[in-house]
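final-v1.cif follows (mmCIF, C-alpha atoms and all ligand atoms):
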```cif
data_model
#
loop_
_atom_site.label_atom_id
_atom_site.label_comp_id
_atom_site.auth_asym_id
_atom_site.auth_seq_id
_atom_site.Cartn_x
_atom_site.Cartn_y
_atom_site.Cartn_z
CA MET V 1212 -27.27 6.53 -41.48
CA ARG V 1213 -26.03 6.81 -45.05
CA PHE V 1214 -25.54 9.15 -47.96
CA LEU V 1215 -28.00 8.95 -50.82
CA ASN V 1216 -27.40 11.27 -53.79
CA SER V 1217 -24.90 13.15 -51.61
CA LYS V 1218 -27.50 13.78 -48.90
CA LEU V 1219 -27.03 12.35 -45.43
CA LYS V 1220 -30.07 10.38 -44.32
CA ILE V 1221 -31.34 8.64 -41.22
CA GLU V 1222 -33.61 5.95 -42.58
CA ASN V 1223 -35.73 7.71 -45.27
CA THR V 1224 -35.29 11.16 -43.86
CA ILE V 1225 -32.89 13.72 -45.30
CA LEU V 1226 -31.16 15.43 -42.38
CA GLN V 1227 -30.68 18.70 -44.29
CA ASN V 1228 -34.48 19.03 -44.42
CA ILE V 1229 -34.72 18.45 -40.68
CA ALA V 1230 -32.06 21.09 -40.04
CA LYS V 1231 -33.98 23.63 -42.15
CA LYS V 1232 -37.38 22.83 -40.70
CA TYR V 1233 -36.56 22.41 -37.01
CA GLY V 1234 -33.40 24.49 -36.69
CA THR V 1235 -30.08 23.53 -35.16
CA PRO V 1236 -28.51 22.26 -32.97
CA ALA V 1237 -30.79 19.23 -32.98
CA TYR V 1238 -30.43 15.70 -31.70
CA CYS V 1239 -31.84 13.18 -34.21
CA TYR V 1240 -32.34 9.54 -33.22
CA SER V 1241 -32.98 6.54 -35.43
CA TYR V 1242 -35.76 4.22 -34.27
CA LYS V 1243 -34.57 1.38 -36.50
CA GLN V 1244 -31.06 1.55 -35.08
CA LEU V 1245 -32.51 1.46 -31.57
CA ARG V 1246 -34.56 -1.64 -32.44
CA GLU V 1247 -31.56 -3.29 -34.08
CA ASN V 1248 -29.34 -2.67 -31.03
CA ILE V 1249 -31.90 -4.08 -28.61
CA ASN V 1250 -32.60 -7.14 -30.76
CA ASP V 1251 -28.90 -7.76 -31.28
CA PHE V 1252 -28.26 -7.55 -27.54
CA LYS V 1253 -31.18 -9.87 -26.75
CA LYS V 1254 -30.18 -12.38 -29.43
CA ASN V 1255 -26.59 -12.64 -28.25
CA PHE V 1256 -27.49 -13.25 -24.60
CA LYS V 1257 -30.72 -15.18 -25.19
CA SER V 1258 -29.53 -18.48 -23.74
CA ILE V 1259 -29.00 -16.96 -20.27
CA SER V 1260 -32.36 -15.05 -20.24
CA PRO V 1261 -30.99 -11.91 -18.59
CA LEU V 1262 -33.00 -9.03 -17.23
CA ILE V 1263 -31.84 -6.07 -19.32
CA CYS V 1264 -32.11 -2.82 -17.38
CA PHE V 1265 -31.44 0.18 -19.62
CA ALA V 1266 -29.08 2.65 -17.91
CA ILE V 1267 -31.28 5.73 -17.87
CA LYS V 1268 -28.29 8.03 -17.30
CA SER V 1269 -27.15 7.40 -20.86
CA ASN V 1270 -30.27 8.97 -22.35
CA THR V 1271 -32.98 10.66 -20.33
CA ASN V 1272 -35.48 11.33 -23.10
CA LEU V 1273 -38.88 10.17 -21.79
CA ASN V 1274 -40.26 9.26 -25.21
CA LEU V 1275 -37.18 7.28 -26.15
CA ILE V 1276 -37.38 5.39 -22.85
CA LYS V 1277 -41.05 4.65 -23.58
CA GLU V 1278 -39.94 3.03 -26.85
CA ILE V 1279 -37.20 1.07 -25.06
CA LYS V 1280 -39.78 -0.13 -22.54
CA LYS V 1281 -41.89 -1.58 -25.35
CA PHE V 1282 -39.07 -4.04 -26.05
CA GLY V 1283 -39.44 -5.33 -22.49
CA LEU V 1284 -36.39 -3.67 -20.99
CA GLY V 1285 -36.25 -2.56 -17.38
CA ALA V 1286 -34.22 0.34 -16.02
CA ASP V 1287 -31.06 1.02 -14.06
CA VAL V 1288 -31.49 4.31 -12.22
CA VAL V 1289 -29.09 6.33 -10.08
CA SER V 1290 -31.25 9.07 -8.59
CA MET V 1291 -34.81 9.80 -7.53
CA GLY V 1292 -35.25 11.80 -10.74
CA GLU V 1293 -34.23 8.87 -12.92
CA LEU V 1294 -36.46 6.53 -10.91
CA MET V 1295 -39.41 8.90 -11.39
CA LEU V 1296 -38.65 9.10 -15.12
CA ALA V 1297 -38.46 5.31 -15.51
CA LEU V 1298 -41.80 4.92 -13.71
CA LYS V 1299 -43.33 7.69 -15.81
CA ALA V 1300 -42.21 5.81 -18.94
CA GLY V 1301 -44.28 2.89 -17.66
CA ILE V 1302 -41.40 0.59 -16.69
CA SER V 1303 -42.52 -1.90 -14.07
CA PRO V 1304 -40.92 -1.37 -10.64
CA LYS V 1305 -40.16 -5.09 -10.73
CA LYS V 1306 -37.67 -4.38 -13.51
CA ILE V 1307 -35.93 -1.43 -11.86
CA VAL V 1308 -32.59 -1.49 -10.06
CA PHE V 1309 -31.28 1.52 -8.18
CA SER V 1310 -27.47 1.94 -8.23
CA GLY V 1311 -25.16 4.65 -6.92
CA VAL V 1312 -22.73 5.37 -4.11
CA GLY V 1313 -24.79 7.88 -2.19
CA LYS V 1314 -28.56 7.47 -2.04
CA THR V 1315 -30.13 9.90 0.39
CA SER V 1316 -32.74 8.75 2.90
CA LYS V 1317 -35.37 10.56 0.82
CA GLU V 1318 -34.36 8.51 -2.22
CA ILE V 1319 -34.27 5.26 -0.23
CA ASN V 1320 -37.74 5.99 1.20
CA PHE V 1321 -39.09 6.64 -2.29
CA ALA V 1322 -37.50 3.49 -3.76
CA ILE V 1323 -38.89 1.33 -0.94
CA ASP V 1324 -42.37 2.82 -1.36
CA LYS V 1325 -42.26 2.00 -5.07
CA ASN V 1326 -41.31 -1.65 -4.41
CA ILE V 1327 -38.53 -1.73 -6.97
CA LEU V 1328 -36.66 -4.94 -7.73
CA LEU V 1329 -33.37 -4.05 -6.06
CA ILE V 1330 -31.54 -1.29 -4.30
CA ASN V 1331 -27.89 -1.96 -5.13
CA SER V 1332 -25.93 -0.63 -2.24
CA GLU V 1333 -22.28 0.33 -2.11
CA SER V 1334 -21.45 0.92 1.56
CA LYS V 1335 -22.06 -0.34 5.05
CA SER V 1336 -23.51 3.01 6.09
CA GLU V 1337 -26.06 2.93 3.29
CA ILE V 1338 -27.12 -0.63 4.11
CA ILE V 1339 -27.62 0.38 7.75
CA GLU V 1340 -29.73 3.33 6.54
CA ILE V 1341 -31.86 1.06 4.31
CA ASP V 1342 -32.30 -1.35 7.22
CA LYS V 1343 -33.41 1.49 9.50
CA ILE V 1344 -35.94 2.86 7.01
CA ALA V 1345 -37.27 -0.62 6.16
CA LYS V 1346 -37.78 -1.32 9.86
CA ILE V 1347 -39.81 1.88 10.33
CA LYS V 1348 -41.92 0.94 7.31
CA LYS V 1349 -42.22 -2.65 8.59
CA LYS V 1350 -41.10 -3.88 5.20
CA GLN V 1351 -38.63 -6.34 3.77
CA VAL V 1352 -36.41 -4.72 1.19
CA ASN V 1353 -34.50 -6.53 -1.54
CA ILE V 1354 -30.98 -5.31 -1.95
CA GLY V 1355 -27.78 -6.00 -3.83
CA ILE V 1356 -24.24 -5.31 -2.69
CA ARG V 1357 -21.87 -3.85 -5.23
CA LEU V 1358 -18.44 -5.35 -5.15
CA ASN V 1359 -15.34 -3.49 -6.26
CA PRO V 1360 -13.49 -6.35 -7.96
CA ASN V 1361 -10.29 -4.34 -8.46
CA THR V 1362 -10.33 -5.06 -12.19
CA ASP V 1363 -8.88 -2.75 -14.80
CA ALA V 1364 -11.52 -2.25 -17.49
CA LYS V 1365 -8.87 -0.96 -19.93
CA THR V 1366 -10.94 2.08 -20.77
CA LEU V 1367 -10.56 5.84 -20.22
CA SER V 1368 -9.54 6.53 -16.61
CA GLN V 1369 -12.46 8.98 -16.22
CA ILE V 1370 -15.01 6.22 -16.90
CA SER V 1371 -13.28 3.33 -15.17
CA THR V 1372 -15.07 2.25 -11.99
CA GLY V 1373 -13.83 -1.18 -10.92
CA LYS V 1374 -10.32 -0.48 -9.66
CA LYS V 1375 -9.44 -0.27 -5.98
CA ASP V 1376 -8.81 3.48 -6.20
CA ASN V 1377 -12.33 4.13 -7.48
CA LYS V 1378 -15.10 5.18 -5.10
CA PHE V 1379 -17.43 2.45 -6.33
CA GLY V 1380 -18.46 -0.76 -4.59
CA VAL V 1381 -16.96 -2.36 -1.50
CA ASN V 1382 -13.81 -4.43 -1.14
CA ASP V 1383 -13.97 -8.20 -0.60
CA LYS V 1384 -13.49 -7.96 3.16
CA THR V 1385 -16.38 -5.51 3.58
CA PHE V 1386 -18.43 -7.59 1.17
CA PHE V 1387 -18.16 -10.68 3.42
CA GLU V 1388 -18.98 -8.58 6.47
CA LEU V 1389 -22.05 -7.11 4.78
CA VAL V 1390 -23.32 -10.52 3.68
CA ARG V 1391 -23.23 -11.54 7.35
CA TYR V 1392 -24.96 -8.29 8.34
CA CYS V 1393 -27.77 -8.89 5.85
CA LYS V 1394 -28.26 -12.50 6.96
CA ASN V 1395 -28.93 -11.21 10.48
CA SER V 1396 -31.28 -8.43 9.42
CA LYS V 1397 -35.03 -8.97 9.53
CA ASN V 1398 -35.78 -6.17 7.09
CA ILE V 1399 -33.19 -6.75 4.43
CA ASN V 1400 -33.21 -9.54 1.86
CA LEU V 1401 -29.85 -9.86 0.20
CA LYS V 1402 -30.70 -10.90 -3.34
CA CYS V 1403 -27.94 -9.67 -5.55
CA LEU V 1404 -24.23 -9.29 -6.06
CA SER V 1405 -23.58 -6.40 -8.40
CA VAL V 1406 -20.55 -5.05 -10.24
CA HIS V 1407 -19.85 -2.47 -12.91
CA ILE V 1408 -16.21 -2.10 -13.87
CA GLY V 1409 -16.46 0.81 -16.28
CA SER V 1410 -17.83 2.12 -19.51
CA GLN V 1411 -16.87 1.91 -23.21
CA ILE V 1412 -15.17 -1.46 -22.71
CA LEU V 1413 -14.12 -2.90 -26.07
CA ASP V 1414 -12.07 -5.89 -24.90
CA HIS V 1415 -13.91 -8.87 -23.39
CA LYS V 1416 -10.92 -9.88 -21.24
CA PRO V 1417 -11.57 -7.48 -18.32
CA TYR V 1418 -15.07 -8.98 -18.12
CA GLU V 1419 -13.60 -12.50 -18.05
CA LYS V 1420 -11.28 -11.46 -15.24
CA MET V 1421 -14.15 -9.87 -13.35
CA LEU V 1422 -16.21 -13.08 -13.65
CA ARG V 1423 -13.32 -15.19 -12.30
CA ILE V 1424 -13.12 -12.87 -9.29
CA LEU V 1425 -16.88 -13.03 -8.72
CA ASP V 1426 -16.77 -16.80 -8.87
CA LYS V 1427 -14.15 -16.94 -6.11
CA ILE V 1428 -16.06 -14.47 -3.93
CA ILE V 1429 -19.33 -16.36 -4.32
CA LYS V 1430 -17.65 -19.65 -3.43
CA LYS V 1431 -16.19 -18.05 -0.33
CA THR V 1432 -19.49 -16.59 0.88
CA GLN V 1433 -21.44 -19.78 0.09
CA TYR V 1434 -24.44 -17.52 -0.36
CA LYS V 1435 -27.07 -18.10 -3.03
CA PHE V 1436 -27.62 -14.87 -4.89
CA ASP V 1437 -30.88 -14.77 -6.86
CA PHE V 1438 -29.33 -12.17 -9.13
CA ILE V 1439 -25.87 -11.36 -10.39
CA ASP V 1440 -25.90 -7.84 -11.78
CA LEU V 1441 -22.97 -7.42 -14.15
CA GLY V 1442 -23.63 -3.72 -14.84
CA GLY V 1443 -23.13 -2.22 -18.28
CA GLY V 1444 -20.07 -0.90 -20.04
CA MET V 1445 -20.29 -2.66 -23.38
CA GLY V 1446 -18.29 -0.51 -25.78
CA ILE V 1447 -19.23 0.67 -29.27
CA PRO V 1448 -17.07 1.82 -32.20
CA TYR V 1449 -16.74 5.60 -32.31
CA ASN V 1450 -13.98 5.68 -34.88
CA ASN V 1451 -12.12 2.69 -36.26
CA ASP V 1452 -12.43 0.48 -33.20
CA LYS V 1453 -14.57 -2.66 -33.00
CA LYS V 1454 -17.48 -3.00 -30.61
CA LEU V 1455 -17.28 -5.43 -27.71
CA ASN V 1456 -17.57 -9.04 -28.86
CA TYR V 1457 -20.88 -10.10 -27.28
CA LYS V 1458 -20.33 -13.75 -28.19
CA LYS V 1459 -17.10 -13.97 -26.18
CA TYR V 1460 -18.66 -12.17 -23.22
CA HIS V 1461 -21.67 -14.44 -23.44
CA SER V 1462 -19.59 -17.63 -23.36
CA ALA V 1463 -17.62 -16.36 -20.36
CA ILE V 1464 -20.91 -15.76 -18.54
CA LYS V 1465 -22.20 -19.22 -19.46
CA LYS V 1466 -19.06 -20.75 -18.01
CA PHE V 1467 -19.43 -18.63 -14.87
CA LEU V 1468 -23.08 -19.65 -14.44
CA LYS V 1469 -22.35 -23.38 -14.31
CA ASN V 1470 -23.49 -24.71 -10.93
CA LYS V 1471 -25.30 -21.45 -10.21
CA LYS V 1472 -28.99 -20.68 -10.38
CA SER V 1473 -28.70 -16.91 -10.39
CA GLN V 1474 -30.35 -14.71 -13.00
CA ILE V 1475 -28.06 -12.27 -14.78
CA ILE V 1476 -28.93 -8.58 -14.85
CA PHE V 1477 -27.30 -6.23 -17.36
CA GLU V 1478 -27.36 -2.44 -17.21
CA PRO V 1479 -26.38 -1.37 -20.72
CA GLY V 1480 -26.65 2.25 -21.76
CA ARG V 1481 -24.25 3.17 -24.54
CA SER V 1482 -24.61 -0.14 -26.43
CA ILE V 1483 -28.38 0.43 -26.67
CA VAL V 1484 -28.49 4.10 -27.66
CA GLY V 1485 -24.96 5.28 -28.53
CA ASN V 1486 -25.07 4.91 -32.30
CA THR V 1487 -28.75 5.84 -32.60
CA GLY V 1488 -28.16 9.59 -32.45
CA VAL V 1489 -26.48 12.42 -34.30
CA LEU V 1490 -26.25 16.06 -33.33
CA ILE V 1491 -26.84 18.24 -36.36
CA SER V 1492 -25.40 21.70 -36.34
CA LYS V 1493 -24.90 24.71 -38.58
CA VAL V 1494 -21.61 26.37 -39.48
CA ILE V 1495 -22.13 29.91 -38.20
CA TYR V 1496 -18.76 31.32 -39.24
CA ILE V 1497 -15.47 30.15 -40.67
CA LYS V 1498 -12.47 31.88 -39.18
CA LYS V 1499 -9.07 31.58 -40.78
CA SER V 1500 -6.12 31.38 -38.44
CA TYR V 1501 -2.40 30.68 -38.79
CA LYS V 1502 -2.55 27.01 -39.72
CA LYS V 1503 -6.15 26.01 -39.37
CA ASN V 1504 -9.61 27.16 -40.12
CA PHE V 1505 -11.98 27.32 -37.19
CA ILE V 1506 -15.38 26.00 -38.12
CA ILE V 1507 -17.60 27.77 -35.60
CA LEU V 1508 -20.73 25.71 -35.07
CA ASP V 1509 -24.00 26.55 -33.38
CA ALA V 1510 -23.57 23.41 -31.23
CA ALA V 1511 -21.23 23.64 -28.28
CA MET V 1512 -19.82 21.78 -25.30
CA ASN V 1513 -23.01 22.43 -23.34
CA ASP V 1514 -24.93 20.40 -25.95
CA LEU V 1515 -22.34 17.61 -26.15
CA MET V 1516 -19.86 17.42 -23.30
CA ARG V 1517 -17.95 14.23 -24.17
CA PRO V 1518 -15.12 15.81 -26.18
CA ALA V 1519 -14.44 18.52 -23.58
CA LEU V 1520 -14.83 16.17 -20.63
CA TYR V 1521 -13.04 13.04 -21.80
CA GLY V 1522 -11.23 14.07 -24.98
CA ALA V 1523 -13.71 11.83 -26.79
CA VAL V 1524 -13.57 11.96 -30.58
CA HIS V 1525 -16.85 11.81 -32.50
CA ARG V 1526 -16.89 11.51 -36.27
CA ILE V 1527 -18.23 14.54 -38.13
CA LEU V 1528 -20.00 14.26 -41.47
CA PRO V 1529 -21.40 16.94 -43.78
CA LEU V 1530 -25.14 16.82 -44.41
CA LEU V 1531 -24.46 17.55 -48.09
CA LYS V 1532 -21.51 15.82 -49.67
CA ARG V 1533 -19.22 17.73 -52.01
CA SER V 1534 -16.13 16.36 -53.71
CA LYS V 1535 -13.80 19.36 -53.21
CA LYS V 1536 -11.50 18.85 -50.21
CA SER V 1537 -10.13 21.66 -48.05
CA LYS V 1538 -6.37 22.11 -47.86
CA LYS V 1539 -6.54 23.51 -44.34
CA ILE V 1540 -7.10 21.64 -41.10
CA TYR V 1541 -10.64 22.22 -39.92
CA GLU V 1542 -11.08 22.64 -36.21
CA PHE V 1543 -14.74 22.24 -35.28
CA VAL V 1544 -15.56 24.41 -32.28
CA GLY V 1545 -18.59 25.82 -30.50
CA PRO V 1546 -19.31 29.43 -29.52
CA ILE V 1547 -18.70 28.93 -25.78
CA CYS V 1548 -16.01 30.97 -24.05
CA GLU V 1549 -13.69 28.08 -23.25
CA SER V 1550 -10.83 26.61 -25.23
CA THR V 1551 -12.12 23.10 -24.45
CA ASP V 1552 -15.26 23.95 -26.42
CA LYS V 1553 -13.86 22.02 -29.33
CA PHE V 1554 -15.23 18.90 -30.98
CA THR V 1555 -12.36 17.69 -33.13
CA SER V 1556 -9.83 18.65 -35.82
CA ILE V 1557 -10.03 17.06 -39.25
CA LYS V 1558 -7.62 17.09 -42.19
CA ASN V 1559 -8.92 16.73 -45.75
CA PHE V 1560 -12.53 17.43 -44.82
CA GLN V 1561 -14.64 18.57 -47.74
CA GLU V 1562 -14.60 22.32 -48.34
CA LEU V 1563 -17.18 23.93 -46.06
CA LYS V 1564 -19.04 27.20 -46.40
CA GLU V 1565 -20.78 29.32 -43.82
CA LYS V 1566 -24.41 28.14 -43.26
CA ASP V 1567 -23.52 24.55 -44.21
CA PHE V 1568 -24.77 21.82 -41.91
CA ILE V 1569 -22.82 18.97 -40.34
CA ALA V 1570 -23.64 15.96 -38.15
CA ILE V 1571 -21.66 14.91 -35.08
CA CYS V 1572 -22.06 11.14 -34.95
CA ASP V 1573 -22.78 8.54 -32.27
CA VAL V 1574 -24.13 10.91 -29.66
CA GLY V 1575 -27.21 8.91 -28.56
CA ALA V 1576 -25.52 8.02 -25.27
CA TYR V 1577 -24.34 10.67 -22.80
CA GLY V 1578 -25.22 13.39 -25.30
CA ILE V 1579 -28.41 15.09 -24.16
CA SER V 1580 -28.14 13.53 -20.69
CA LEU V 1581 -24.84 15.31 -20.02
CA SER V 1582 -25.95 18.56 -21.64
CA SER V 1583 -26.31 21.75 -19.62
CA ASN V 1584 -27.38 25.36 -19.88
CA TYR V 1585 -23.81 26.67 -19.57
CA ASN V 1586 -23.50 30.17 -21.06
CA LEU V 1587 -27.29 30.21 -20.63
CA ARG V 1588 -27.79 28.29 -23.84
CA PRO V 1589 -31.15 26.55 -24.22
CA LYS V 1590 -31.01 22.76 -24.69
CA PRO V 1591 -31.48 21.45 -28.23
CA ILE V 1592 -34.59 19.91 -29.72
CA GLU V 1593 -34.71 16.07 -29.91
CA ILE V 1594 -36.25 14.27 -32.87
CA LEU V 1595 -37.03 10.59 -33.37
CA ILE V 1596 -36.95 9.33 -36.94
CA ASN V 1597 -38.74 6.15 -37.95
CA GLY V 1598 -38.57 5.62 -41.71
CA SER V 1599 -40.00 8.85 -43.07
CA LYS V 1600 -41.94 9.52 -39.88
CA ILE V 1601 -40.54 12.42 -37.88
CA ARG V 1602 -41.49 12.98 -34.27
CA VAL V 1603 -40.35 15.76 -31.99
CA VAL V 1604 -39.65 13.84 -28.77
CA LYS V 1605 -38.52 16.93 -26.87
CA LYS V 1606 -39.03 20.55 -27.76
CA ARG V 1607 -36.15 22.98 -27.95
CA GLN V 1608 -35.81 24.81 -24.64
CA LYS V 1609 -36.84 28.46 -24.72
CA HIS V 1610 -34.87 31.28 -23.20
CA HIS V 1611 -37.67 32.24 -20.85
CA GLU V 1612 -37.57 28.74 -19.36
CA ILE V 1613 -34.00 29.19 -18.21
CA ILE V 1614 -33.87 32.85 -17.33
N1 LIG V 1701 -24.48 0.71 -14.53
C1 LIG V 1701 -23.78 1.54 -13.72
C2 LIG V 1701 -23.78 1.28 -12.28
C3 LIG V 1701 -23.11 2.64 -14.28
O1 LIG V 1701 -22.43 3.45 -13.49
C4 LIG V 1701 -23.16 2.86 -15.69
C5 LIG V 1701 -22.46 3.98 -16.29
C6 LIG V 1701 -23.90 1.96 -16.48
C7 LIG V 1701 -24.53 0.90 -15.87
C8 LIG V 1701 -24.02 2.11 -17.97
O2 LIG V 1701 -22.81 2.00 -18.62
P1 LIG V 1701 -22.73 1.92 -20.23
O3 LIG V 1701 -23.36 0.62 -20.67
O4 LIG V 1701 -23.46 3.07 -20.78
O5 LIG V 1701 -21.28 2.00 -20.51
N2 LIG V 1701 -20.44 9.82 -19.38
C9 LIG V 1701 -19.48 8.81 -19.78
C10 LIG V 1701 -19.91 7.43 -19.35
C11 LIG V 1701 -20.15 7.32 -17.87
C12 LIG V 1701 -20.71 6.02 -17.47
C13 LIG V 1701 -21.19 6.06 -16.06
N3 LIG V 1701 -21.79 4.84 -15.61
C14 LIG V 1701 -19.29 8.90 -21.30
O6 LIG V 1701 -19.88 9.76 -21.93
O7 LIG V 1701 -18.50 8.12 -21.84
#
```

The structure in this file should be written as structure tokens.
Ligand code: LLP
Amino acid sequence: MRFLNSKLKIENTILQNIAKKYGTPAYCYSYKQLRENINDFKKNFKSISPLICFAIKSNTNLNLIKEIKKFGLGADVVSMGELMLALKAGISPKKIVFSGVGKTSKEINFAIDKNILLINSESKSEIIEIDKIAKIKKKQVNIGIRLNPNTDAKTLSQISTGKKDNKFGVNDKTFFELVRYCKNSKNINLKCLSVHIGSQILDHKPYEKMLRILDKIIKKTQYKFDFIDLGGGMGIPYNNDKKLNYKKYHSAIKKFLKNKKSQIIFEPGRSIVGNTGVLISKVIYIKKSYKKNFIILDAAMNDLMRPALYGAVHRILPLLKRSKKSKKIYEFVGPICESTDKFTSIKNFQELKEKDFIAICDVGAYGISLSSNYNLRPKPIEILINGSKIRVVKKRQKHHEII
């Protein structure tokens, strides 16, 4: 994404033209950025030949997932809906892992029928349930056990998952017990040890710590895991921060893999799609207040939840650049009846007028997938841009579809 003659562009496409033609709010994704992210990820971890399972929860657009599939990625799913979507996108069941703390028996039945690569389980009760269902079906089911390594991912508390207070995974004691349980089961094949310590991790050190813990646990169990699923979590720069250093993470994994024959699985979401998307929106009104000006947009917290939910800050850019700066603080808000329906406040933004357009950046991950119909607002249109080719990958929802 860049400005050319003051116009913000994704590849060869001027976003102002998209806004006028397709209306706002609109999610716009860059195909080239998607390709670059996938190739960069693959290149950095090439020497360990991992299975890369895209975390569907980060972006649930079917057409985007179809594109991701073409690069050979599998899928990490956390519900029957996501599993159905991954299969619909043509992803081979042999590249699908099913994570999550509470899979219902309906979901387990479905996953077993589809012969997916792994059901990553997170409790004794769930493993017993899988065993029971597999026995009825007279099948052998491949599973993973998710360990809670009690590692601080040094990320936002709301998206941290690997500490002992979090609901995810099992503790080491239960892990050893479950390995023994699986060894004695005729219908369960224990294939994988899985972990996922959190999301938006920018520092490689928590990963190093996690790998040291895994190493100890594996030595103690003396069990040969075909797969070690390290989850996702690789962080990206939203503002001035630096993305996770893949090279350092890669060398820690190489060290960990010495004397092991396991294949690594990754479940990246944000690092694949995060910076591919912007949400373009129109300034409906500008309302002057005591100290600030409220820039009232036609996009709201139902379209992009991250700021309201986690206090996340996404950069905002104008679609048309002007040199005159505003003297007031601009507070970018949506029309929803909640004070948390606020994107961010910016000082020294360029002077804006009503009907101007802006772009909220880096919303490709957990943007549309976390969106809702709150205030009975239809979900935005989604557009995929490839050079000057524009493709509507999801139509704007219509009121009659939600009423
Ligand atoms: N694997 C598992 C088991 C997960 O729970 C997650 C994310 C991922 C993989 C993918 O993580 P990623 O590579 O995208 O960081 N809604 C929050 C993020 C929640 C992440 C939940 N789990 C946000 O908008 O920041």

Quick one: residues within 7 Å of range 1231-1246 of chain V, only C-alpha atoms counted, chain neighbours fewer than 6 positions away excluded, as an MDAnalysis selection string?
-> chainID V and resid 1221 1483:1484 1487:1493 1509:1510 1575 1591:1597

For CA of Tyr1541 in chain V and CA of Phe1214 in chain V, quote the distance in Å rounded to one decimal.
->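 Between CA of Tyr1541 in chain V and CA of Phe1214 in chain V the gap works out to 21.4 Å.
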
For Ser1310 in chain V, list every protein, DNA or RNA residue within 7 Å, evaluated using all atoms listed in the file, and leave out those in the same chain fewer than 6 positions away; present the list as a list in words.
->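 My reading of the contact set: Asp1287, Val1288, Val1289, Ile1330, Asn1331 and Ser1332 of chain V.
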
Shell around Gly1578 in chain V at 10 Å using all atoms listed in the file, local window under 4 positions removed, as a PyMOL selection string = chain V and resi 1238+1269-1271+1485+1488-1490+1512-1517+1573-1574+1582

Emit the selected residues as a tab-separated table (two decimals), keeping the file's coordinate frame, including C-alpha atoms.
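The resulting again-v5.tsv:
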```
chain	number	residue	atom	x	y	z
V	1238	TYR	CA	-30.43	15.70	-31.70
V	1269	SER	CA	-27.15	7.40	-20.86
V	1270	ASN	CA	-30.27	8.97	-22.35
V	1271	THR	CA	-32.98	10.66	-20.33
V	1485	GLY	CA	-24.96	5.28	-28.53
V	1488	GLY	CA	-28.16	9.59	-32.45
V	1489	VAL	CA	-26.48	12.42	-34.30
V	1490	LEU	CA	-26.25	16.06	-33.33
V	1512	MET	CA	-19.82	21.78	-25.30
V	1513	ASN	CA	-23.01	22.43	-23.34
V	1514	ASP	CA	-24.93	20.40	-25.95
V	1515	LEU	CA	-22.34	17.61	-26.15
V	1516	MET	CA	-19.86	17.42	-23.30
V	1517	ARG	CA	-17.95	14.23	-24.17
V	1573	ASP	CA	-22.78	8.54	-32.27
V	1574	VAL	CA	-24.13	10.91	-29.66
V	1582	SER	CA	-25.95	18.56	-21.64
```

Can you tell me which residues come within 7 Å of ligand LIG 1701 (chain V) when counting all atoms listed in the file, ideally as a PDB file with C-alpha atoms, in the coordinates of the input?
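Just written: result-v6.pdb:
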```
ATOM      1  CA  ALA V1266     -29.080   2.650 -17.910  1.00  0.00           C
ATOM      2  CA  SER V1269     -27.150   7.400 -20.860  1.00  0.00           C
ATOM      3  CA  ASP V1287     -31.060   1.020 -14.060  1.00  0.00           C
ATOM      4  CA  SER V1310     -27.470   1.940  -8.230  1.00  0.00           C
ATOM      5  CA  GLY V1311     -25.160   4.650  -6.920  1.00  0.00           C
ATOM      6  CA  ILE V1370     -15.010   6.220 -16.900  1.00  0.00           C
ATOM      7  CA  HIS V1407     -19.850  -2.470 -12.910  1.00  0.00           C
ATOM      8  CA  GLY V1409     -16.460   0.810 -16.280  1.00  0.00           C
ATOM      9  CA  SER V1410     -17.830   2.120 -19.510  1.00  0.00           C
ATOM     10  CA  GLN V1411     -16.870   1.910 -23.210  1.00  0.00           C
ATOM     11  CA  GLY V1442     -23.630  -3.720 -14.840  1.00  0.00           C
ATOM     12  CA  GLY V1443     -23.130  -2.220 -18.280  1.00  0.00           C
ATOM     13  CA  GLY V1444     -20.070  -0.900 -20.040  1.00  0.00           C
ATOM     14  CA  MET V1445     -20.290  -2.660 -23.380  1.00  0.00           C
ATOM     15  CA  GLY V1446     -18.290  -0.510 -25.780  1.00  0.00           C
ATOM     16  CA  GLU V1478     -27.360  -2.440 -17.210  1.00  0.00           C
ATOM     17  CA  PRO V1479     -26.380  -1.370 -20.720  1.00  0.00           C
ATOM     18  CA  GLY V1480     -26.650   2.250 -21.760  1.00  0.00           C
ATOM     19  CA  ARG V1481     -24.250   3.170 -24.540  1.00  0.00           C
ATOM     20  CA  SER V1482     -24.610  -0.140 -26.430  1.00  0.00           C
ATOM     21  CA  ARG V1517     -17.950  14.230 -24.170  1.00  0.00           C
ATOM     22  CA  ALA V1576     -25.520   8.020 -25.270  1.00  0.00           C
ATOM     23  CA  TYR V1577     -24.340  10.670 -22.800  1.00  0.00           C
TER      24      TYR V1577
END
```

With distances taken over all atoms listed in the file, which of V:Lys1454, V:Arg1588, V:Lys1435, V:Lys1465 is nearest to Ile1547 in chain V?
-> V:Arg1588

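Among the candidate residues V:Phe1309, V:Tyr1496, V:Phe1252, V:Tyr1460, the one lying nearest to Tyr1418 in chain V is V:Tyr1460, with distances computed using all atoms listed in the file.
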
Nearest candidate to Val1603 in chain V (options V:Ala1286, V:Leu1219, V:Ala1463, V:Ile1229; using only C-alpha atoms) |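 Among the listed residues, V:Ile1229 lies closest to Val1603 in chain V.
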
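Shortest separation to Leu1531 in chain V among V:Phe1554, V:Ile1569, V:Leu1401, V:Lys1564 occurs at residue V:Ile1569, atoms counted being all atoms listed in the file.
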
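Using all atoms listed in the file, the shortest contact distance between Lys1502 in chain V and any of V:Asn1450, V:Ser1556, V:Ser1371, V:Thr1366 is found at V:Ser1556.
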